[in-house]
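Trainee: Input file: protein18.tsv. Contents: TSV, C-alpha atoms and all ligand atoms.
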chain	number	residue	atom	x	y	z
A	1271	MET	CA	0.00	0.00	0.00
A	1272	PHE	CA	2.89	2.35	0.71
A	1273	ASP	CA	5.83	0.99	-1.25
A	1274	HIS	CA	5.13	3.02	-4.40
A	1275	LEU	CA	5.26	6.30	-2.43
A	1276	GLU	CA	8.50	8.24	-1.91
A	1277	ARG	CA	9.59	8.15	1.71
A	1278	ALA	CA	12.47	9.69	3.66
A	1279	ARG	CA	13.35	7.55	6.68
A	1280	LEU	CA	13.28	10.14	9.45
A	1281	ALA	CA	11.37	8.55	12.33
A	1282	THR	CA	12.38	5.82	14.77
A	1283	LEU	CA	9.71	3.19	14.12
A	1284	PRO	CA	7.86	1.31	15.37
A	1285	THR	CA	7.20	3.50	18.39
A	1286	PRO	CA	6.59	1.59	21.63
A	1287	LEU	CA	3.09	0.46	22.59
A	1288	GLU	CA	3.00	0.66	26.39
A	1289	ASP	CA	0.56	-1.53	28.28
A	1290	ILE	CA	-0.63	0.34	31.36
A	1291	ALA	CA	-3.42	-2.13	32.16
A	1292	HIS	CA	-6.18	-0.80	34.42
A	1293	PRO	CA	-5.23	2.50	36.08
A	1294	PHE	CA	-8.88	3.19	37.03
A	1295	ALA	CA	-11.33	0.91	38.84
A	1296	ASP	CA	-13.91	-0.41	36.33
A	1297	GLY	CA	-12.19	1.53	33.55
A	1298	PRO	CA	-10.85	0.08	30.31
A	1299	HIS	CA	-7.52	-1.58	29.70
A	1300	LEU	CA	-5.36	1.38	28.70
A	1301	TRP	CA	-2.43	1.45	26.29
A	1302	ILE	CA	-0.21	4.33	25.21
A	1303	LYS	CA	1.15	4.45	21.68
A	1304	ARG	CA	4.32	6.46	22.20
A	1305	ASP	CA	4.38	8.66	19.11
A	1306	ASP	CA	6.02	11.27	21.34
A	1307	LEU	CA	9.07	9.01	20.85
A	1308	THR	CA	9.40	9.17	17.05
A	1309	GLY	CA	12.91	10.54	17.56
A	1310	LEU	CA	13.21	13.22	14.91
A	1311	GLY	CA	14.26	16.53	16.53
A	1312	GLY	CA	12.61	15.73	19.86
A	1313	GLY	CA	9.84	13.56	18.44
A	1314	GLY	CA	6.09	13.79	18.05
A	1315	ASN	CA	3.42	12.91	15.51
A	1316	LYS	CA	4.73	15.17	12.71
A	1317	ALA	CA	7.71	12.86	12.12
A	1318	ARG	CA	5.39	10.30	10.50
A	1319	LYS	CA	3.93	12.89	8.12
A	1320	LEU	CA	7.36	14.34	7.35
A	1321	GLU	CA	8.63	10.95	6.13
A	1322	PHE	CA	6.24	11.15	3.17
A	1323	LEU	CA	6.30	14.94	2.75
A	1324	CYS	CA	10.09	14.98	2.63
A	1325	GLY	CA	10.19	11.91	0.38
A	1326	ASP	CA	8.00	13.85	-2.03
A	1327	ALA	CA	10.12	17.02	-1.64
A	1328	VAL	CA	13.41	15.26	-2.34
A	1329	ALA	CA	11.91	13.44	-5.35
A	1330	ALA	CA	10.73	16.82	-6.67
A	1331	GLY	CA	14.26	18.21	-6.40
A	1332	ALA	CA	13.43	20.71	-3.66
A	1333	ARG	CA	16.23	22.72	-2.09
A	1334	SER	CA	14.18	24.20	0.73
A	1335	LEU	CA	11.23	23.28	2.93
A	1336	VAL	CA	8.70	25.98	3.82
A	1337	THR	CA	6.02	25.56	6.41
A	1338	VAL	CA	3.90	27.46	8.89
A	1339	GLY	CA	2.50	27.26	12.39
A	1340	ALA	CA	1.71	28.89	15.70
A	1341	ALA	CA	4.62	30.45	17.56
A	1342	GLN	CA	5.22	27.18	19.45
A	1343	SER	CA	4.58	24.87	16.51
A	1344	ASN	CA	5.88	21.32	16.95
A	1345	HIS	CA	5.41	20.74	13.23
A	1346	CYS	CA	7.74	23.66	12.41
A	1347	ARG	CA	10.34	22.37	14.89
A	1348	MET	CA	10.33	18.89	13.36
A	1349	THR	CA	10.41	20.31	9.82
A	1350	GLY	CA	13.56	22.19	10.89
A	1351	ALA	CA	15.10	18.93	12.08
A	1352	ALA	CA	14.08	17.08	8.91
A	1353	ALA	CA	15.65	19.78	6.74
A	1354	ALA	CA	18.87	19.54	8.76
A	1355	ARG	CA	18.96	15.75	8.27
A	1356	LEU	CA	18.32	16.05	4.53
A	1357	GLY	CA	20.63	19.00	3.81
A	1358	LEU	CA	17.78	21.35	2.84
A	1359	GLU	CA	17.05	24.90	3.98
A	1360	ALA	CA	14.07	25.30	6.32
A	1361	HIS	CA	11.91	28.42	6.32
A	1362	LEU	CA	9.32	28.62	9.10
A	1363	VAL	CA	6.44	31.13	9.09
A	1364	LEU	CA	5.32	31.66	12.69
A	1365	SER	CA	2.68	33.68	14.52
A	1366	GLY	CA	3.74	36.33	17.02
A	1367	ASP	CA	6.77	38.58	17.15
A	1368	ALA	CA	10.44	37.73	16.85
A	1369	PRO	CA	12.15	36.96	20.17
A	1370	ASP	CA	14.44	39.62	21.58
A	1371	GLU	CA	16.78	39.97	24.56
A	1372	ARG	CA	13.93	40.49	27.01
A	1373	ARG	CA	12.02	37.51	25.63
A	1374	PRO	CA	14.49	35.03	24.12
A	1375	ALA	CA	13.46	32.06	21.96
A	1376	LYS	CA	12.11	29.23	24.10
A	1377	GLY	CA	10.71	25.75	23.68
A	1378	ASN	CA	10.06	24.82	20.06
A	1379	GLN	CA	11.44	28.13	18.75
A	1380	LEU	CA	14.74	27.58	20.51
A	1381	LEU	CA	15.00	24.08	19.01
A	1382	SER	CA	14.01	25.25	15.50
A	1383	THR	CA	16.76	27.89	15.67
A	1384	MET	CA	19.26	25.25	16.79
A	1385	PHE	CA	18.35	23.11	13.77
A	1386	GLY	CA	19.33	26.06	11.58
A	1387	ALA	CA	15.84	26.98	10.38
A	1388	GLN	CA	15.17	30.54	9.20
A	1389	MET	CA	12.33	32.05	11.17
A	1390	HIS	CA	9.78	34.42	9.62
A	1391	TYR	CA	7.55	36.05	12.26
A	1392	THR	CA	4.22	37.45	11.06
A	1393	GLY	CA	3.14	39.26	14.24
A	1394	SER	CA	-0.31	37.67	13.87
A	1395	ALA	CA	-2.36	35.79	16.49
A	1396	ALA	CA	-1.66	32.07	16.98
A	1397	SER	CA	-5.19	31.04	16.02
A	1398	HIS	CA	-5.39	33.11	12.79
A	1399	TRP	CA	-4.41	30.25	10.50
A	1400	GLY	CA	-5.70	31.97	7.36
A	1401	GLU	CA	-3.29	34.90	7.79
A	1402	LEU	CA	-0.43	32.50	8.44
A	1403	GLU	CA	-1.18	30.51	5.28
A	1404	ILE	CA	-1.19	33.69	3.17
A	1405	ALA	CA	2.23	34.60	4.60
A	1406	ARG	CA	3.52	31.10	3.75
A	1407	GLU	CA	2.34	31.43	0.16
A	1408	ALA	CA	4.02	34.83	-0.23
A	1409	LEU	CA	7.29	33.50	1.20
A	1410	THR	CA	7.12	30.44	-1.07
A	1411	ASP	CA	6.82	32.73	-4.12
A	1412	ASP	CA	9.83	34.77	-2.90
A	1413	LEU	CA	11.99	31.69	-2.41
A	1414	ALA	CA	10.99	30.30	-5.81
A	1415	ALA	CA	11.98	33.62	-7.42
A	1416	GLN	CA	15.38	33.28	-5.71
A	1417	GLY	CA	15.82	29.80	-7.23
A	1418	LEU	CA	15.55	27.99	-3.88
A	1419	VAL	CA	13.07	25.42	-5.27
A	1420	PRO	CA	10.76	25.46	-2.22
A	1421	TYR	CA	8.58	22.53	-1.19
A	1422	SER	CA	5.80	24.27	0.68
A	1423	VAL	CA	3.73	22.49	3.30
A	1424	PRO	CA	0.49	23.78	4.86
A	1425	ILE	CA	-0.13	24.03	8.59
A	1426	GLY	CA	0.49	20.82	10.52
A	1427	GLY	CA	1.81	19.00	7.44
A	1428	SER	CA	-1.80	18.09	6.79
A	1429	THR	CA	-1.92	17.11	3.14
A	1430	ALA	CA	-2.90	13.69	1.80
A	1431	VAL	CA	0.82	12.97	1.30
A	1432	GLY	CA	1.52	13.72	4.97
A	1433	ALA	CA	-1.51	11.78	6.18
A	1434	VAL	CA	-0.16	8.60	4.56
A	1435	GLY	CA	2.28	8.60	7.50
A	1436	TYR	CA	-0.64	7.97	9.85
A	1437	ALA	CA	-2.08	5.24	7.67
A	1438	VAL	CA	1.31	3.56	8.19
A	1439	GLY	CA	0.96	4.33	11.91
A	1440	PHE	CA	-2.44	2.60	12.04
A	1441	VAL	CA	-1.11	-0.57	10.42
A	1442	GLU	CA	1.89	-0.51	12.77
A	1443	LEU	CA	-0.39	-0.28	15.81
A	1444	MET	CA	-2.60	-3.15	14.63
A	1445	GLU	CA	0.48	-5.34	14.12
A	1446	GLN	CA	1.61	-4.57	17.68
A	1447	PHE	CA	-1.79	-5.59	19.05
A	1448	GLU	CA	-1.71	-8.77	17.02
A	1449	ALA	CA	1.63	-9.64	18.60
A	1450	HIS	CA	-0.05	-9.17	22.01
A	1451	GLY	CA	-2.91	-11.46	20.93
A	1452	SER	CA	-5.29	-8.60	21.52
A	1453	ARG	CA	-7.14	-5.92	19.58
A	1454	PRO	CA	-8.04	-2.29	20.34
A	1455	ASP	CA	-11.64	-1.08	20.69
A	1456	ALA	CA	-10.85	2.62	20.43
A	1457	LEU	CA	-8.01	4.98	19.57
A	1458	VAL	CA	-8.07	8.45	21.14
A	1459	PHE	CA	-5.72	11.28	20.19
A	1460	THR	CA	-5.40	15.05	19.87
A	1461	SER	CA	-6.46	16.66	16.59
A	1462	SER	CA	-5.76	20.16	15.31
A	1463	SER	CA	-5.12	20.25	11.56
A	1464	GLY	CA	-6.73	16.85	10.94
A	1465	GLY	CA	-3.92	14.97	9.19
A	1466	THR	CA	-3.39	12.46	11.96
A	1467	HIS	CA	-7.15	11.79	12.05
A	1468	ALA	CA	-7.46	11.43	8.25
A	1469	GLY	CA	-4.43	9.14	8.09
A	1470	LEU	CA	-5.69	6.83	10.83
A	1471	LEU	CA	-9.08	6.54	9.11
A	1472	ALA	CA	-7.37	5.85	5.77
A	1473	GLY	CA	-5.21	3.15	7.37
A	1474	ARG	CA	-8.24	1.50	8.93
A	1475	GLN	CA	-10.17	1.57	5.64
A	1476	ALA	CA	-7.16	0.20	3.76
A	1477	MET	CA	-6.91	-2.78	6.13
A	1478	ILE	CA	-10.65	-3.42	5.76
A	1479	ALA	CA	-10.36	-3.14	1.95
A	1480	SER	CA	-7.52	-5.68	1.85
A	1481	GLY	CA	-9.37	-8.11	4.12
A	1482	GLN	CA	-6.81	-7.82	6.95
A	1483	LEU	CA	-9.41	-6.36	9.31
A	1484	SER	CA	-13.15	-6.89	9.55
A	1485	ALA	CA	-15.27	-3.76	9.78
A	1486	ALA	CA	-16.90	-5.15	12.94
A	1487	ASP	CA	-13.51	-5.56	14.65
A	1488	ALA	CA	-12.09	-2.20	13.54
A	1489	PRO	CA	-11.39	0.20	16.43
A	1490	ALA	CA	-13.36	3.41	16.84
A	1491	ILE	CA	-11.20	6.43	16.00
A	1492	ILE	CA	-11.95	9.33	18.34
A	1493	ALA	CA	-10.32	12.72	17.79
A	1494	ILE	CA	-10.20	15.23	20.62
A	1495	GLY	CA	-10.37	18.57	18.80
A	1496	VAL	CA	-8.11	21.33	20.14
A	1497	ALA	CA	-8.51	23.88	17.31
A	1498	LYS	CA	-11.67	25.70	16.26
A	1499	GLY	CA	-11.41	24.57	12.63
A	1500	VAL	CA	-11.50	20.81	13.27
A	1501	ASN	CA	-14.21	21.29	15.87
A	1502	LEU	CA	-16.36	23.00	13.21
A	1503	GLY	CA	-15.72	20.25	10.67
A	1504	MET	CA	-12.90	21.94	8.74
A	1505	PRO	CA	-11.22	20.35	6.94
A	1506	ASP	CA	-13.75	17.67	5.95
A	1507	ILE	CA	-11.99	14.67	7.47
A	1508	ALA	CA	-13.81	12.02	5.39
A	1509	GLU	CA	-12.80	13.78	2.15
A	1510	PHE	CA	-9.27	14.20	3.45
A	1511	ALA	CA	-9.07	10.47	4.29
A	1512	ASP	CA	-10.44	9.58	0.86
A	1513	ALA	CA	-7.73	11.67	-0.83
A	1514	THR	CA	-5.19	9.77	1.28
A	1515	LEU	CA	-6.69	6.44	0.14
A	1516	ASP	CA	-6.43	7.66	-3.47
A	1517	LEU	CA	-2.69	8.19	-3.03
A	1518	MET	CA	-2.41	4.68	-1.61
A	1519	GLY	CA	-4.21	3.32	-4.67
A	1520	ILE	CA	-7.28	2.18	-2.72
A	1521	ALA	CA	-10.74	2.82	-4.13
A	1522	ASP	CA	-12.67	2.25	-0.86
A	1523	ARG	CA	-14.20	5.33	0.75
A	1524	VAL	CA	-14.42	6.30	4.44
A	1525	ASP	CA	-17.94	6.43	5.87
A	1526	PRO	CA	-18.50	10.03	7.10
A	1527	ALA	CA	-20.40	8.49	10.05
A	1528	ASP	CA	-17.07	7.07	11.26
A	1529	VAL	CA	-15.57	10.55	11.63
A	1530	VAL	CA	-15.78	11.40	15.34
A	1531	VAL	CA	-14.48	14.70	16.74
A	1532	ASP	CA	-15.13	15.37	20.42
A	1533	ALA	CA	-15.06	19.17	20.59
A	1534	ARG	CA	-15.64	19.57	24.32
A	1535	TRP	CA	-12.03	19.83	25.54
A	1536	ILE	CA	-10.61	22.89	23.73
A	1537	GLY	CA	-11.62	25.42	26.40
A	1538	ASP	CA	-11.71	29.04	25.23
A	1539	ASP	CA	-9.50	28.60	22.17
A	1540	TYR	CA	-6.54	26.85	20.58
A	1541	ALA	CA	-3.61	26.97	23.04
A	1542	ALA	CA	-5.72	28.45	25.86
A	1543	ARG	CA	-5.08	26.52	29.07
A	1544	THR	CA	-7.84	24.43	30.64
A	1545	ASP	CA	-8.05	23.05	34.18
A	1546	ALA	CA	-8.85	19.60	32.77
A	1547	ALA	CA	-5.67	19.59	30.64
A	1548	ASP	CA	-3.57	20.79	33.57
A	1549	ALA	CA	-4.98	17.93	35.67
A	1550	ALA	CA	-4.33	15.44	32.84
A	1551	ILE	CA	-0.73	16.67	32.52
A	1552	ASP	CA	-0.23	16.11	36.27
A	1553	TRP	CA	-1.84	12.67	36.08
A	1554	ALA	CA	0.42	11.61	33.19
A	1555	ALA	CA	3.57	12.91	34.87
A	1556	THR	CA	2.85	11.30	38.23
A	1557	THR	CA	1.45	8.03	36.85
A	1558	GLY	CA	4.01	7.09	34.25
A	1559	GLY	CA	6.53	9.89	33.88
A	1560	TRP	CA	4.80	10.79	30.61
A	1561	LEU	CA	5.22	14.36	29.35
A	1562	CYS	CA	2.11	16.04	27.97
A	1563	ASP	CA	1.75	19.69	26.98
A	1564	PRO	CA	-1.08	22.19	27.55
A	1565	VAL	CA	-1.76	22.88	23.83
A	1566	TYR	CA	-2.07	19.35	22.42
A	1567	SER	CA	-1.46	16.07	24.22
A	1568	GLY	CA	-2.61	17.39	27.62
A	1569	LYS	CA	-5.97	18.44	26.17
A	1570	GLY	CA	-6.25	15.18	24.23
A	1571	LEU	CA	-5.57	13.21	27.39
A	1572	SER	CA	-8.11	15.31	29.30
A	1573	GLY	CA	-10.66	14.19	26.70
A	1574	LEU	CA	-9.73	10.53	27.13
A	1575	LEU	CA	-9.86	10.75	30.94
A	1576	GLY	CA	-13.19	12.55	30.66
A	1577	LEU	CA	-14.64	9.82	28.42
A	1578	ILE	CA	-13.44	7.16	30.87
A	1579	ASP	CA	-15.06	9.12	33.70
A	1580	GLU	CA	-18.33	9.22	31.77
A	1581	GLY	CA	-18.28	5.39	31.69
A	1582	ARG	CA	-17.78	5.14	27.94
A	1583	TRP	CA	-15.88	1.84	28.28
A	1584	ASN	CA	-15.86	-1.07	30.73
A	1585	SER	CA	-12.99	-3.24	31.95
A	1586	SER	CA	-13.24	-5.57	28.93
A	1587	HIS	CA	-12.35	-2.80	26.47
A	1588	ASN	CA	-8.88	-1.95	25.15
A	1589	VAL	CA	-8.41	1.78	24.65
A	1590	VAL	CA	-5.30	3.38	23.17
A	1591	PHE	CA	-4.12	6.93	23.77
A	1592	ILE	CA	-1.93	7.93	20.84
A	1593	HIS	CA	0.55	10.26	22.52
A	1594	THR	CA	1.32	12.80	19.80
A	1595	GLY	CA	4.12	14.57	21.72
A	1596	GLY	CA	4.53	18.30	22.31
A	1597	TRP	CA	6.82	18.38	25.38
A	1598	PRO	CA	8.98	21.35	24.17
A	1599	ALA	CA	6.04	23.71	24.80
A	1600	LEU	CA	6.44	22.94	28.53
A	1601	PHE	CA	9.59	25.09	28.35
A	1602	ALA	CA	7.90	28.06	26.70
B	1701	LIG	C1	0.24	18.76	15.43
B	1701	LIG	C2	0.01	18.09	16.72
B	1701	LIG	C3	-1.19	17.40	16.98
B	1701	LIG	C4	-2.35	17.37	16.00
B	1701	LIG	O1	-2.09	16.65	14.84
B	1701	LIG	P1	-2.87	17.04	13.50
B	1701	LIG	O2	-2.47	16.01	12.54
B	1701	LIG	O3	-2.38	18.42	13.13
B	1701	LIG	O4	-4.32	17.07	13.78
B	1701	LIG	C5	-1.34	16.74	18.17
B	1701	LIG	N1	-0.37	16.77	19.10
B	1701	LIG	C6	0.79	17.43	18.90
B	1701	LIG	C7	1.80	17.43	19.98
B	1701	LIG	C8	1.02	18.11	17.71
B	1701	LIG	O5	2.17	18.77	17.53
Turn this file's structure into structure tokens for me.
Mentor:
Amino acid sequence: MFDHLERARLATLPTPLEDIAHPFADGPHLWIKRDDLTGLGGGGNKARKLEFLCGDAVAAGARSLVTVGAAQSNHCRMTGAAAARLGLEAHLVLSGDAPDERRPAKGNQLLSTMFGAQMHYTGSAASHWGELEIAREALTDDLAAQGLVPYSVPIGGSTAVGAVGYAVGFVELMEQFEAHGSRPDALVFTSSSGGTHAGLLAGRQAMIASGQLSAADAPAIIAIGVAKGVNLGMPDIAEFADATLDLMGIADRVDPADVVVDARWIGDDYAARTDAADAAIDWAATTGGWLCDPVYSGKGLSGLLGLIDEGRWNSSHNVVFIHTGGWPALFA
């Protein structure tokens, strides 16, 4: 399904699947898929997408990677690391103002700078993704005019090419469960630009199409939305997953009824702290030494813990939290 697609080997795979059994009385059997440990430049979910995005970029003869994100974007940080590994220039379009002596670069920005990326600050708000995308397009045109052959990637690396990385991730997870003689009932993870979600759905549909998985046994895929766009149904995740299946050469379509986004955990806005996420971050740190951040994985985990609290699953169910990473934001 994936062999005909260009791929740059950037991530340390497979990531561990940790069995944490039953941390709550009457709750489900819980597992953590450690995609915070993908390796590349501090790790996180974007490494999987970047394998296919960068494969495509190198095949296209690109000399630079351009992408965009919020000031503390993990995707930008990992794009910086990927460019360093591949000998390309990285240009990152970020919200907010450039750091200065009073407010030096921290967290993801510090790491992106260390990887040698060139930072382009727009001064705009972190949640104004439209403005950021316009700035990325303008910069891409500039770099092309300078002969830098840019490969330009939208926010979060969320194109069908990038999402293939999460179809691979789905298959990898199912193989790990098979080795345990078990199967998952639900996968829960943080969603913001939708590529992880679309890729997981595409992977599930691909395994159903090839007869490796029966539809009745396929796990539910539950996104915890932490950005306003995904919570309002943008992008259309079923269409996005179908475009990913097209790239994989699979004619099956995703049933829009299988697209589940739980929009209750975002709080006031993208990147605004919530008490539930702060509590989830503490729970993760004190239970397993797991690092979650207040923008992404902490909110995603707060959604999972909330669903468990609501009695969504019983002790016979296997539920996986896909830990998408994000720890550098703890230092910002
Ligand atoms: C980008 C990101 C997400 C969301 O993934 P999408 O594919 O953009 O929906 C979740 N967690 C972390 C830590 C991220 O950096």
Trainee: Figure out the distance between CA of Trp1553 (chain A) and CA of Leu1600 (chain A), please, to one decimal in Å.
Mentor: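 A separation of 15.2 Å between them.
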Trainee: Using only C-alpha atoms and all ligand atoms, which of the listed residues (A:Val1434, A:Ala1549, A:Ala1476, A:Ala1327) sits closest to ligand LIG 1701 (chain B)?
Mentor: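 Of all the options, A:Val1434 lies closest to ligand LIG 1701 (chain B).
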Trainee: If we count all atoms listed in the file, what is near Cys1562 (chain A) at a cut-off of 6 Å, once residues fewer than 5 positions away on the same chain are taken out, given as an NGL selection string?
Mentor: :A and (1551 or 1567-1568 or 1597)
Trainee: Quote the spacing between atom C6 of ligand LIG 1701 (chain B) and CA of Ala1554 (chain A) in Å to one decimal place.
Mentor: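 Pair atom C6 of ligand LIG 1701 (chain B) / CA of Ala1554 (chain A) returns 15.4 Å.
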Trainee: So which residues fall inside 12 Å of (19.0, 16.0, -3.0) if we count all atoms listed in the file? Mind giving them as number ranges by chain?
Mentor: A: 1278, 1324-1334, 1353, 1355-1359, 1419
Trainee: Taking only C-alpha atoms and all ligand atoms into account, which of A:Leu1577, A:Val1530, A:Ile1478, A:Met1348 comes nearest ligand LIG 1701 (chain B)?
Mentor: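 Of all the options, A:Met1348 lies closest to ligand LIG 1701 (chain B).
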Trainee: With 10 Å as the cut-off and all atoms listed in the file counted, what is the closest atom pair between each nearby residue of chain A and ligand LIG 1701 (chain B)? Distances in Å to one decimal, ordered by chain and number, as a tab-separated table.
Mentor:
residue	atom	partner	partner_atom	distance
A:Asp1305	CA	B:LIG1701	C7	9.2
A:Asp1306	CA	B:LIG1701	C7	7.6
A:Gly1313	CA	B:LIG1701	C7	9.1
A:Gly1314	CA	B:LIG1701	C7	5.9
A:Asn1315	CA	B:LIG1701	C8	6.1
A:Lys1316	CA	B:LIG1701	C1	6.4
A:Ala1317	CA	B:LIG1701	O5	9.7
A:Arg1318	CA	B:LIG1701	O2	9.9
A:Lys1319	CA	B:LIG1701	O2	8.4
A:Gly1339	CA	B:LIG1701	C1	9.3
A:Gln1342	CA	B:LIG1701	O5	9.1
A:Ser1343	CA	B:LIG1701	O5	6.6
A:Asn1344	CA	B:LIG1701	O5	4.5
A:His1345	CA	B:LIG1701	O5	5.7
A:Cys1346	CA	B:LIG1701	O5	9.0
A:Arg1347	CA	B:LIG1701	O5	9.3
A:Met1348	CA	B:LIG1701	O5	9.2
A:Ile1425	CA	B:LIG1701	O3	7.6
A:Gly1426	CA	B:LIG1701	O3	4.6
A:Gly1427	CA	B:LIG1701	O3	7.1
A:Ser1428	CA	B:LIG1701	O2	6.2
A:Thr1429	CA	B:LIG1701	O2	9.5
A:Gly1432	CA	B:LIG1701	O2	8.9
A:Ala1433	CA	B:LIG1701	O2	7.7
A:Tyr1436	CA	B:LIG1701	O2	8.7
A:Phe1459	CA	B:LIG1701	C5	7.3
A:Thr1460	CA	B:LIG1701	C5	4.7
A:Ser1461	CA	B:LIG1701	O4	3.6
A:Ser1462	CA	B:LIG1701	O4	3.7
A:Ser1463	CA	B:LIG1701	O3	3.6
A:Gly1464	CA	B:LIG1701	O4	3.7
A:Gly1465	CA	B:LIG1701	O2	3.8
A:Thr1466	CA	B:LIG1701	O2	3.7
A:His1467	CA	B:LIG1701	O4	6.2
A:Ala1468	CA	B:LIG1701	O2	8.0
A:Gly1469	CA	B:LIG1701	O2	8.4
A:Leu1470	CA	B:LIG1701	O2	9.9
A:Ala1493	CA	B:LIG1701	O4	8.4
A:Ile1494	CA	B:LIG1701	O4	9.2
A:Gly1495	CA	B:LIG1701	O4	8.0
A:Val1496	CA	B:LIG1701	C4	8.1
A:Ala1497	CA	B:LIG1701	O4	8.7
A:Val1500	CA	B:LIG1701	O4	8.1
A:Cys1562	CA	B:LIG1701	C7	8.1
A:Asp1563	CA	B:LIG1701	C7	7.4
A:Pro1564	CA	B:LIG1701	C7	9.4
A:Val1565	CA	B:LIG1701	C7	7.6
A:Tyr1566	CA	B:LIG1701	N1	4.5
A:Ser1567	CA	B:LIG1701	N1	5.3
A:Gly1568	CA	B:LIG1701	C7	8.8
A:Lys1569	CA	B:LIG1701	N1	9.2
A:Gly1570	CA	B:LIG1701	C5	8.0
A:Ile1592	CA	B:LIG1701	N1	9.1
A:His1593	CA	B:LIG1701	N1	7.4
A:Thr1594	CA	B:LIG1701	N1	4.4
A:Gly1595	CA	B:LIG1701	C7	4.1
A:Gly1596	CA	B:LIG1701	C7	3.7
A:Trp1597	CA	B:LIG1701	C7	7.4
A:Pro1598	CA	B:LIG1701	C7	9.2
A:Ala1599	CA	B:LIG1701	C7	9.0
Trainee: Could you state the separation of CA of Ala1291 (chain A) and CA of Asp1532 (chain A) in Å, given to one decimal place?
Mentor: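 Atom-to-atom, CA of Ala1291 (chain A) and CA of Asp1532 (chain A) are spaced 24.1 Å apart.
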Trainee: Rank nothing, just name the residue among A:Ala1602, A:Ala1341, A:Ala1354, A:Ala1396 nearest to Ala1368 (chain A), using only C-alpha atoms.
Mentor: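 Between A:Ala1602, A:Ala1341, A:Ala1354, A:Ala1396, the residue approaching Ala1368 (chain A) most closely is A:Ala1341.
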Trainee: Got a sec: who's within 12 Å of Glu1403 (chain A), counting all atoms listed in the file, leaving out chain neighbours fewer than 3 positions off, as a VMD selection string?
Mentor: chain A and resid 1336 to 1340 1362 to 1365 1392 1394 1396 to 1400 1406 to 1410 1422 to 1426
Trainee: Using the selection just defined, write its residues with C-alpha atoms as a short mmCIF file (atom, residue, chain, number, x, y, z; two decimals), in the frame of the given file.
Mentor:
data_model
loop_
_atom_site.label_atom_id
_atom_site.label_comp_id
_atom_site.auth_asym_id
_atom_site.auth_seq_id
_atom_site.Cartn_x
_atom_site.Cartn_y
_atom_site.Cartn_z
CA VAL A 1336 8.70 25.98 3.82
CA THR A 1337 6.02 25.56 6.41
CA VAL A 1338 3.90 27.46 8.89
CA GLY A 1339 2.50 27.26 12.39
CA ALA A 1340 1.71 28.89 15.70
CA LEU A 1362 9.32 28.62 9.10
CA VAL A 1363 6.44 31.13 9.09
CA LEU A 1364 5.32 31.66 12.69
CA SER A 1365 2.68 33.68 14.52
CA THR A 1392 4.22 37.45 11.06
CA SER A 1394 -0.31 37.67 13.87
CA ALA A 1396 -1.66 32.07 16.98
CA SER A 1397 -5.19 31.04 16.02
CA HIS A 1398 -5.39 33.11 12.79
CA TRP A 1399 -4.41 30.25 10.50
CA GLY A 1400 -5.70 31.97 7.36
CA ARG A 1406 3.52 31.10 3.75
CA GLU A 1407 2.34 31.43 0.16
CA ALA A 1408 4.02 34.83 -0.23
CA LEU A 1409 7.29 33.50 1.20
CA THR A 1410 7.12 30.44 -1.07
CA SER A 1422 5.80 24.27 0.68
CA VAL A 1423 3.73 22.49 3.30
CA PRO A 1424 0.49 23.78 4.86
CA ILE A 1425 -0.13 24.03 8.59
CA GLY A 1426 0.49 20.82 10.52
#
Trainee: Select, from A:Ala1490, A:Ala1295, A:Leu1471, A:Ile1290, the residue with the minimum atom-to-atom distance to Thr1557 (chain A), counting all atoms listed in the file.
Mentor: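 Smallest separation from Thr1557 (chain A) among the options: A:Ile1290.
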Trainee: Skip Ala1527 (chain A) itself and residues of its chain fewer than 4 positions away, then list as JSON, numbers by chain all residues within 12 Å of it, counting all atoms listed in the file.
Mentor: {"A": [1471, 1490, 1491, 1492, 1507, 1508, 1523, 1531]}
Trainee: Given the choices A:Leu1275, A:Leu1574, A:Ala1550, A:Gln1446, which gets closest to Asp1289 (chain A) if the distance is worked out from only C-alpha atoms?
Mentor: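 Ranked by minimum distance to Asp1289 (chain A), first place goes to A:Gln1446.
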Trainee: Considering all atoms listed in the file, state which residue in the set A:Asp1273, A:Lys1303, A:Glu1580, A:Gly1309 is at the smallest distance from Met1444 (chain A).
Mentor: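 Under the stated criterion, the closest residue is A:Lys1303.
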Trainee: Could you give me, as a list in words, the residues that have an atom at most 9 Å away from the point (-11.9, 1.9, 35.9) in the coordinates of the file, using all atoms listed in the file?
Mentor: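 Those residues, ordered by chain and then number, are His1292, Pro1293, Phe1294, Ala1295, Asp1296, Gly1297, Pro1298, His1299, Ile1578, Asp1579, Gly1581, Trp1583, Asn1584 and Ser1585 of chain A.
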Trainee: Report as JSON, numbers by chain all protein, DNA and RNA residues lying within 10 Å of region 1485-1487 of chain A, evaluated on only C-alpha atoms, omitting residues in the same chain fewer than 2 positions from it.
Mentor: {"A": [1453, 1454, 1455, 1474, 1475, 1477, 1478, 1479, 1481, 1482, 1483, 1489, 1490]}
